[in-house]
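Undergrad: Below you'll find start-v7.tsv; it's TSV, C-alpha atoms and all ligand atoms.
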chain	number	residue	atom	x	y	z
T	20	MET	CA	-105.01	-54.67	-15.69
T	21	GLU	CA	-104.29	-51.72	-13.42
T	22	ALA	CA	-100.67	-50.57	-13.34
T	23	LEU	CA	-98.92	-50.83	-9.96
T	24	ILE	CA	-96.67	-47.95	-10.92
T	25	HIS	CA	-96.88	-45.35	-13.62
T	26	ALA	CA	-94.19	-42.77	-14.22
T	27	SER	CA	-93.50	-40.43	-17.11
T	28	TYR	CA	-90.14	-38.78	-17.76
T	29	PRO	CA	-89.71	-35.91	-20.20
T	30	VAL	CA	-86.50	-36.28	-22.24
T	31	ALA	CA	-85.03	-33.22	-23.95
T	32	SER	CA	-83.26	-33.28	-27.28
T	33	ALA	CA	-79.45	-32.95	-27.16
T	34	ASP	CA	-79.32	-32.86	-23.35
T	35	TYR	CA	-76.29	-35.13	-23.14
T	36	VAL	CA	-75.55	-34.28	-19.51
T	37	SER	CA	-78.91	-35.44	-18.11
T	38	ALA	CA	-79.22	-38.35	-20.51
T	39	GLY	CA	-79.69	-41.54	-18.52
T	40	ARG	CA	-81.33	-39.96	-15.47
T	41	ALA	CA	-84.75	-41.38	-16.32
T	42	SER	CA	-83.30	-44.84	-16.76
T	43	ALA	CA	-81.40	-44.60	-13.48
T	44	ASP	CA	-84.66	-43.67	-11.72
T	45	ILE	CA	-86.59	-46.44	-13.47
T	46	LYS	CA	-84.00	-48.95	-12.33
T	47	LYS	CA	-84.18	-47.65	-8.76
T	48	ARG	CA	-87.99	-47.84	-8.65
T	49	LEU	CA	-88.06	-51.38	-10.03
T	50	LYS	CA	-85.45	-52.45	-7.52
T	51	GLN	CA	-87.60	-51.03	-4.71
T	52	LEU	CA	-90.49	-53.11	-6.03
T	53	GLY	CA	-88.37	-56.21	-5.73
T	54	VAL	CA	-87.61	-56.64	-9.42
T	55	GLY	CA	-84.06	-57.93	-9.79
T	56	GLY	CA	-81.61	-60.11	-11.62
T	57	ASP	CA	-81.87	-60.71	-15.33
T	58	VAL	CA	-85.13	-58.79	-15.89
T	59	LEU	CA	-83.88	-55.71	-14.09
T	60	ARG	CA	-80.68	-55.68	-16.14
T	61	ARG	CA	-82.59	-56.12	-19.42
T	62	VAL	CA	-85.02	-53.29	-18.58
T	63	ALA	CA	-82.14	-51.04	-17.51
T	64	VAL	CA	-80.13	-51.62	-20.68
T	65	ALA	CA	-83.11	-51.18	-23.02
T	66	SER	CA	-84.31	-48.13	-21.12
T	67	TYR	CA	-80.90	-46.47	-21.27
T	68	GLU	CA	-80.54	-47.11	-25.01
T	69	VAL	CA	-84.02	-45.82	-25.81
T	70	GLU	CA	-83.54	-42.76	-23.60
T	71	LEU	CA	-80.24	-41.99	-25.32
T	72	ASN	CA	-81.94	-42.26	-28.69
T	73	LEU	CA	-84.46	-39.64	-27.58
T	74	VAL	CA	-81.58	-37.33	-26.64
T	75	ILE	CA	-79.38	-38.05	-29.64
T	76	HIS	CA	-81.88	-38.49	-32.49
T	77	SER	CA	-85.25	-36.99	-31.54
T	78	MET	CA	-86.57	-33.47	-31.18
T	79	GLY	CA	-87.72	-34.37	-27.69
T	80	GLY	CA	-90.15	-36.78	-26.16
T	81	HIS	CA	-90.90	-38.79	-23.10
T	82	LEU	CA	-90.21	-42.17	-21.61
T	83	ASP	CA	-93.05	-43.88	-19.73
T	84	LEU	CA	-92.82	-46.71	-17.25
T	85	ASP	CA	-95.75	-48.93	-16.33
T	86	VAL	CA	-95.36	-51.83	-13.98
T	87	TYR	CA	-98.07	-54.52	-13.97
T	88	PRO	CA	-98.14	-57.61	-11.77
T	89	ASP	CA	-96.91	-59.73	-14.70
T	90	GLN	CA	-94.81	-57.32	-16.77
T	91	VAL	CA	-92.86	-54.09	-17.05
T	92	VAL	CA	-93.76	-51.86	-20.00
T	93	LEU	CA	-91.56	-49.06	-21.35
T	94	VAL	CA	-92.88	-46.63	-23.95
T	95	SER	CA	-90.71	-44.05	-25.67
T	96	ALA	CA	-92.58	-41.47	-27.74
T	97	ASP	CA	-91.16	-38.42	-29.48
T	98	ILE	CA	-92.29	-35.53	-31.63
T	99	GLY	CA	-90.02	-36.22	-34.59
T	100	PRO	CA	-88.22	-36.32	-36.93
T	101	GLY	CA	-89.26	-39.96	-37.45
T	102	ILE	CA	-87.28	-42.73	-39.11
T	103	PRO	CA	-87.47	-42.97	-42.92
T	104	ASP	CA	-86.34	-46.61	-43.22
T	105	LEU	CA	-87.10	-48.80	-40.21
T	106	SER	CA	-85.42	-51.95	-41.49
T	107	LEU	CA	-82.22	-49.97	-42.03
T	108	ALA	CA	-82.47	-48.40	-38.56
T	109	MET	CA	-82.91	-51.84	-36.99
T	110	ARG	CA	-79.73	-53.12	-38.65
T	111	GLU	CA	-76.71	-53.58	-36.37
T	112	GLY	CA	-74.12	-50.91	-37.15
T	113	TRP	CA	-76.45	-48.46	-38.92
T	114	SER	CA	-76.25	-45.03	-37.31
T	115	THR	CA	-76.82	-41.39	-38.14
T	116	ALA	CA	-75.48	-40.22	-34.76
T	117	ASN	CA	-73.47	-36.99	-34.67
T	118	GLU	CA	-69.90	-36.49	-33.48
T	119	GLU	CA	-70.97	-35.48	-29.97
T	120	ALA	CA	-72.89	-38.71	-29.41
T	121	ARG	CA	-69.96	-40.71	-30.77
T	122	SER	CA	-67.47	-38.98	-28.51
T	123	LEU	CA	-69.53	-40.18	-25.52
T	124	GLY	CA	-69.30	-43.79	-26.63
T	125	PHE	CA	-72.62	-44.03	-28.47
T	126	GLY	CA	-73.64	-44.03	-32.09
T	127	ALA	CA	-72.46	-47.54	-32.83
T	128	GLY	CA	-75.82	-48.46	-34.31
T	129	MET	CA	-76.35	-51.13	-31.68
T	130	GLY	CA	-79.17	-49.54	-29.69
T	131	LEU	CA	-82.30	-50.69	-31.50
T	132	PRO	CA	-81.09	-54.28	-32.08
T	133	ASN	CA	-80.02	-54.41	-28.44
T	134	MET	CA	-83.45	-53.22	-27.24
T	135	LYS	CA	-85.12	-55.86	-29.38
T	136	ARG	CA	-82.84	-58.55	-27.96
T	137	ASN	CA	-83.44	-57.51	-24.37
T	138	ALA	CA	-87.21	-56.99	-24.45
T	139	ASP	CA	-89.69	-59.88	-24.53
T	140	ASP	CA	-91.96	-57.77	-26.74
T	141	PHE	CA	-90.66	-55.04	-29.01
T	142	ASN	CA	-92.70	-52.77	-31.25
T	143	ILE	CA	-91.54	-49.74	-33.21
T	144	GLN	CA	-93.76	-47.33	-35.13
T	145	SER	CA	-92.38	-44.33	-36.94
T	146	GLU	CA	-93.60	-41.71	-39.33
T	147	VAL	CA	-91.40	-39.05	-40.88
T	148	GLY	CA	-92.52	-35.60	-39.76
T	149	LYS	CA	-94.60	-37.09	-36.91
T	150	GLY	CA	-92.36	-39.09	-34.60
T	151	THR	CA	-91.32	-42.48	-33.31
T	152	THR	CA	-92.97	-44.66	-30.69
T	153	ILE	CA	-91.25	-47.70	-29.23
T	154	THR	CA	-93.07	-50.07	-26.89
T	155	MET	CA	-91.18	-52.73	-24.98
T	156	GLY	CA	-92.57	-55.38	-22.65
T	157	PHE	CA	-90.58	-57.39	-20.12
T	158	LYS	CA	-92.22	-60.40	-18.50
T	159	LEU	CA	-91.97	-60.73	-14.77
T	160	ALA	CA	-91.41	-64.30	-13.69
Z	6	MET	CA	-58.38	-62.64	-8.43
Z	7	THR	CA	-59.66	-59.75	-6.33
Z	8	ILE	CA	-59.85	-56.07	-7.14
Z	9	ARG	CA	-56.87	-55.66	-4.81
Z	10	ASP	CA	-54.87	-58.06	-7.00
Z	11	MET	CA	-55.81	-55.94	-10.01
Z	12	VAL	CA	-54.59	-52.82	-8.21
Z	13	ASP	CA	-51.25	-54.54	-7.50
Z	14	ILE	CA	-50.84	-55.92	-11.02
Z	15	LEU	CA	-51.65	-52.57	-12.65
Z	16	LYS	CA	-49.81	-50.50	-10.00
Z	17	ALA	CA	-53.08	-48.62	-9.93
Z	18	ARG	CA	-54.31	-45.81	-7.74
Z	19	VAL	CA	-57.65	-46.39	-5.96
Z	20	LEU	CA	-59.97	-43.43	-6.48
Z	21	LEU	CA	-63.08	-44.96	-4.89
Z	22	GLY	CA	-64.10	-48.06	-2.99
Z	23	GLU	CA	-61.06	-48.71	-0.81
Z	24	ASP	CA	-63.37	-50.86	1.38
Z	25	LYS	CA	-64.37	-53.17	-1.50
Z	26	LEU	CA	-60.97	-54.29	-2.72
Z	27	GLU	CA	-61.51	-57.87	-1.59
Z	28	THR	CA	-64.35	-58.29	-4.11
Z	29	PRO	CA	-63.54	-61.24	-6.39
Z	30	VAL	CA	-63.39	-60.63	-10.14
Z	31	TYR	CA	-63.72	-63.39	-12.70
Z	32	THR	CA	-63.92	-61.55	-16.01
Z	33	ALA	CA	-63.26	-58.14	-17.56
Z	34	CYS	CA	-64.03	-56.20	-20.70
Z	35	CYS	CA	-62.26	-53.29	-22.39
Z	36	SER	CA	-64.06	-50.77	-24.56
Z	37	ASP	CA	-64.61	-47.09	-25.27
Z	38	LEU	CA	-67.89	-47.89	-26.97
Z	39	MET	CA	-70.61	-47.86	-24.34
Z	40	SER	CA	-73.19	-49.19	-26.81
Z	41	ASP	CA	-70.98	-52.20	-27.34
Z	42	VAL	CA	-70.61	-52.78	-23.62
Z	43	LEU	CA	-74.38	-52.53	-23.22
Z	44	ALA	CA	-74.85	-55.02	-26.05
Z	45	PHE	CA	-72.60	-57.89	-24.98
Z	46	VAL	CA	-71.95	-57.63	-21.26
Z	47	ASP	CA	-74.43	-59.57	-19.16
Z	48	GLU	CA	-72.56	-60.12	-15.97
Z	49	LYS	CA	-71.19	-58.08	-13.09
Z	50	THR	CA	-67.75	-57.55	-14.53
Z	51	VAL	CA	-64.93	-55.01	-14.72
Z	52	LEU	CA	-64.68	-52.33	-17.41
Z	53	ILE	CA	-61.32	-51.02	-18.59
Z	54	THR	CA	-61.75	-47.82	-20.58
Z	55	GLY	CA	-60.08	-44.62	-21.73
Z	56	LEU	CA	-63.32	-42.62	-21.66
Z	57	THR	CA	-64.01	-40.48	-18.61
Z	58	ASN	CA	-67.46	-39.01	-19.37
Z	59	PRO	CA	-70.56	-39.47	-17.15
Z	60	HIS	CA	-71.92	-42.19	-19.41
Z	61	VAL	CA	-69.16	-44.58	-18.45
Z	62	VAL	CA	-70.52	-44.42	-14.90
Z	63	ARG	CA	-74.15	-44.59	-16.08
Z	64	THR	CA	-73.39	-47.64	-18.20
Z	65	SER	CA	-71.74	-49.24	-15.17
Z	66	GLU	CA	-74.83	-48.45	-13.13
Z	67	MET	CA	-77.20	-50.01	-15.67
Z	68	LEU	CA	-75.10	-53.19	-15.80
Z	69	ASP	CA	-74.19	-53.32	-12.07
Z	70	LEU	CA	-70.48	-53.44	-12.91
Z	71	LYS	CA	-68.07	-54.00	-10.03
Z	72	CYS	CA	-65.11	-51.89	-10.97
Z	73	LEU	CA	-64.06	-49.23	-13.45
Z	74	VAL	CA	-60.44	-49.06	-14.55
Z	75	PHE	CA	-59.29	-45.86	-16.25
Z	76	ALA	CA	-56.27	-46.37	-18.47
Z	77	ARG	CA	-53.37	-44.00	-19.20
Z	78	GLY	CA	-53.64	-42.40	-15.78
Z	79	LYS	CA	-56.94	-40.73	-16.54
Z	80	VAL	CA	-58.96	-39.36	-13.65
Z	81	PRO	CA	-62.60	-38.38	-14.15
Z	82	SER	CA	-64.03	-35.14	-12.80
Z	83	GLU	CA	-65.19	-34.77	-9.19
Z	84	GLU	CA	-68.79	-34.78	-10.38
Z	85	ILE	CA	-68.40	-38.09	-12.18
Z	86	LEU	CA	-66.64	-39.61	-9.18
Z	87	GLU	CA	-69.51	-38.49	-6.95
Z	88	ALA	CA	-71.98	-40.30	-9.19
Z	89	ALA	CA	-69.79	-43.41	-9.04
Z	90	ALA	CA	-69.57	-43.16	-5.25
Z	91	GLU	CA	-73.35	-42.97	-4.99
Z	92	GLN	CA	-73.70	-46.39	-6.58
Z	93	GLY	CA	-70.82	-47.92	-4.65
Z	94	LEU	CA	-68.61	-48.50	-7.67
Z	95	VAL	CA	-64.89	-49.19	-7.21
Z	96	VAL	CA	-62.85	-46.84	-9.42
Z	97	ILE	CA	-59.14	-47.22	-10.06
Z	98	THR	CA	-56.71	-45.57	-12.46
Z	99	THR	CA	-53.53	-47.01	-13.95
Z	100	LYS	CA	-50.68	-45.43	-15.93
Z	101	ALA	CA	-50.80	-48.35	-18.35
Z	102	THR	CA	-52.55	-48.06	-21.71
Z	103	ALA	CA	-55.78	-50.00	-22.09
Z	104	PHE	CA	-53.94	-52.56	-24.23
Z	105	SER	CA	-51.17	-53.09	-21.69
Z	106	ALA	CA	-53.59	-53.17	-18.75
Z	107	CYS	CA	-55.56	-55.95	-20.45
Z	108	GLY	CA	-52.35	-57.83	-21.23
Z	109	MET	CA	-51.09	-57.65	-17.65
Z	110	LEU	CA	-54.42	-58.86	-16.24
Z	111	TYR	CA	-54.76	-61.61	-18.83
Z	112	GLU	CA	-51.25	-62.83	-18.05
Z	113	LYS	CA	-52.28	-63.23	-14.42
Z	114	GLY	CA	-55.32	-65.30	-15.35
Z	115	LEU	CA	-58.16	-62.83	-15.78
Z	116	ARG	CA	-60.30	-63.60	-18.84
Z	117	GLY	CA	-62.72	-61.70	-21.04
Z	118	VAL	CA	-66.49	-61.72	-20.67
Z	119	PRO	CA	-67.55	-64.85	-22.57
Z	120	VAL	CA	-68.65	-64.18	-26.14
Z	121	PRO	CA	-68.77	-66.69	-29.02
Z	122	LEU	CA	-65.40	-66.84	-30.77
Z	123	GLU	CA	-66.50	-68.90	-33.77
Z	124	TRP	CA	-68.23	-67.32	-36.76
Z	125	GLY	CA	-71.88	-68.25	-37.08
Z	126	ALA	CA	-72.93	-69.98	-40.31
Z	127	GLU	CA	-74.57	-66.82	-41.70
Z	128	GLU	CA	-71.49	-64.65	-41.08
Z	129	ALA	CA	-68.71	-66.94	-42.32
K	201	LIG	N1	-86.21	-41.68	-31.61
K	201	LIG	C1	-85.61	-41.63	-32.82
K	201	LIG	N2	-85.91	-40.63	-33.69
K	201	LIG	C2	-85.34	-40.57	-34.90
K	201	LIG	N3	-84.42	-41.46	-35.34
K	201	LIG	C3	-84.09	-42.48	-34.53
K	201	LIG	C4	-84.65	-42.62	-33.23
K	201	LIG	N4	-84.14	-43.73	-32.67
K	201	LIG	C5	-83.29	-44.26	-33.57
K	201	LIG	N5	-83.25	-43.51	-34.70
K	201	LIG	C6	-82.48	-43.80	-35.95
K	201	LIG	O1	-82.11	-45.17	-35.95
K	201	LIG	C7	-80.67	-45.28	-36.01
K	201	LIG	C8	-80.21	-46.51	-35.23
K	201	LIG	O2	-80.47	-46.35	-33.83
K	201	LIG	P1	-79.60	-47.18	-32.79
K	201	LIG	O3	-79.65	-48.61	-33.19
K	201	LIG	O4	-80.02	-46.83	-31.42
K	201	LIG	O5	-78.12	-46.69	-33.08
K	201	LIG	P2	-77.38	-45.31	-32.68
K	201	LIG	O6	-78.21	-44.62	-31.64
K	201	LIG	O7	-76.07	-45.77	-32.19
K	201	LIG	O8	-77.28	-44.52	-33.95
K	201	LIG	C9	-80.15	-43.98	-35.47
K	201	LIG	O9	-78.85	-43.66	-35.92
K	201	LIG	C10	-81.19	-43.00	-36.03
K	201	LIG	O10	-80.95	-42.72	-37.39
K	202	MG	MG	-78.99	-45.59	-30.02
What do you get writing this file as structure tokens?
TA:
Amino acid sequence: MEALIHASYPVASADYVSAGRASADIKKRLKQLGVGGDVLRRVAVASYEVELNLVIHSMGGHLDLDVYPDQVVLVSADIGPGIPDLSLAMREGWSTANEEARSLGFGAGMGLPNMKRNADDFNIQSEVGKGTTITMGFKLA
Amino acid sequence: MTIRDMVDILKARVLLGEDKLETPVYTACCSDLMSDVLAFVDEKTVLITGLTNPHVVRTSEMLDLKCLVFARGKVPSEEILEAAAEQGLVVITTKATAFSACGMLYEKGLRGVPVPLEWGAEEA
């Protein structure tokens, strides 16, 4: 199926000031398309958490938005460092976030489990030295 | 209660959204952990916090929160207030600590965002 909207947002490592701009724009675009309520909130929360992970944990990457007639797809892809133990990373409370991220109210180890809870489809692939790719699908009613 | 009632109860100062004080509020949450707020809040509620960084406003934006309450008289920077103004958020600041602010609002009938209070079988 052809995407109604495609947008790609570069996300820089350790850029705590801009962190969240992509998600704010994604939310705005979806709203303009008439997406609202529960789905919009779930996309916004998952998008914000995954964007923050790019800033806090990755060496840089991008966040892609694709909107299809029946679903919203978010893909986060980065260039490393990758996650050595995925089942540990998915555990609530597990975090390797630094002091700076914690001082901003993040690094509670809730991001990945929260993304999984909010998305209808959640897939994470990671390879140490290569990078991490997270794909999330949200069904449109 | 309304946001105006909250302002009276907390003897708060309104920093933004003077025109939206009649908005009704049914629940509130209090946290400095934005990840936590993003994980359990699923309604348009009020956030009481001691953090004044831009992510408090971003988190509010993602969740469509109605009102931000800064405890201990904290006032965020002009830049952060501008971002809050852009999304039409009401922002107030109270001298009370976060704990006391919650207590005063609870006493007047405001309740927390609903979360399960009982331990699940696997956690007990
Ligand atoms: N894009 C990423 N690149 C490398 N590591 C990551 C990435 N995303 C998450 N992680 C790892 O998974 C852990 C858990 O992530 P998360 O649940 O979002 O919690 P937090 O961000 O609060 O640490 C992180 O602390 C980090 O070790
Ligand atoms: Mg995270």
Undergrad: Rank Z:Leu73, Z:Met109, Z:Val12, Z:Val51 by their smallest atom-to-atom distance to Ala33 in chain Z, using all atoms listed in the file, and report the top residue only.
TA: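 Counting all atoms listed in the file, the residue closest to Ala33 in chain Z is Z:Val51.
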Undergrad: Pick out the closest residue to ligand MG 202 (chain K) from this set: Z:Thr57, Z:Ser40, Z:Thr102, Z:Thr28. Count all atoms listed in the file.
TA: Z:Ser40
Undergrad: Please return as JSON, numbers by chain the residues found within 8 Å of ligand LIG 201 (chain K), counting all atoms listed in the file.
TA: {"T": [68, 69, 71, 72, 73, 75, 76, 77, 78, 95, 96, 97, 99, 100, 101, 102, 105, 107, 108, 109, 110, 111, 112, 113, 114, 115, 116, 125, 126, 127, 128, 129, 130, 131, 132, 133, 150, 151, 152], "Z": [40]}
Undergrad: Please indicate the distance in Å from CA of Ser106 in chain T to CA of Val58 in chain T, rounded to one decimal place.
TA: 26.5 Å
Undergrad: Give the answer as one residue: which of T:Leu84, T:Val74, T:Leu59, T:Ile143 has the shortest atom-to-atom distance to chain Z, using only C-alpha atoms?
TA: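 Of T:Leu84, T:Val74, T:Leu59, T:Ile143, the one nearest chain Z is T:Leu59, counting only C-alpha atoms.
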Undergrad: Between CA of Val86 in chain T and CA of Leu49 in chain T, what is the distance in Å, rounded to a tenth?
TA: 8.3 Å
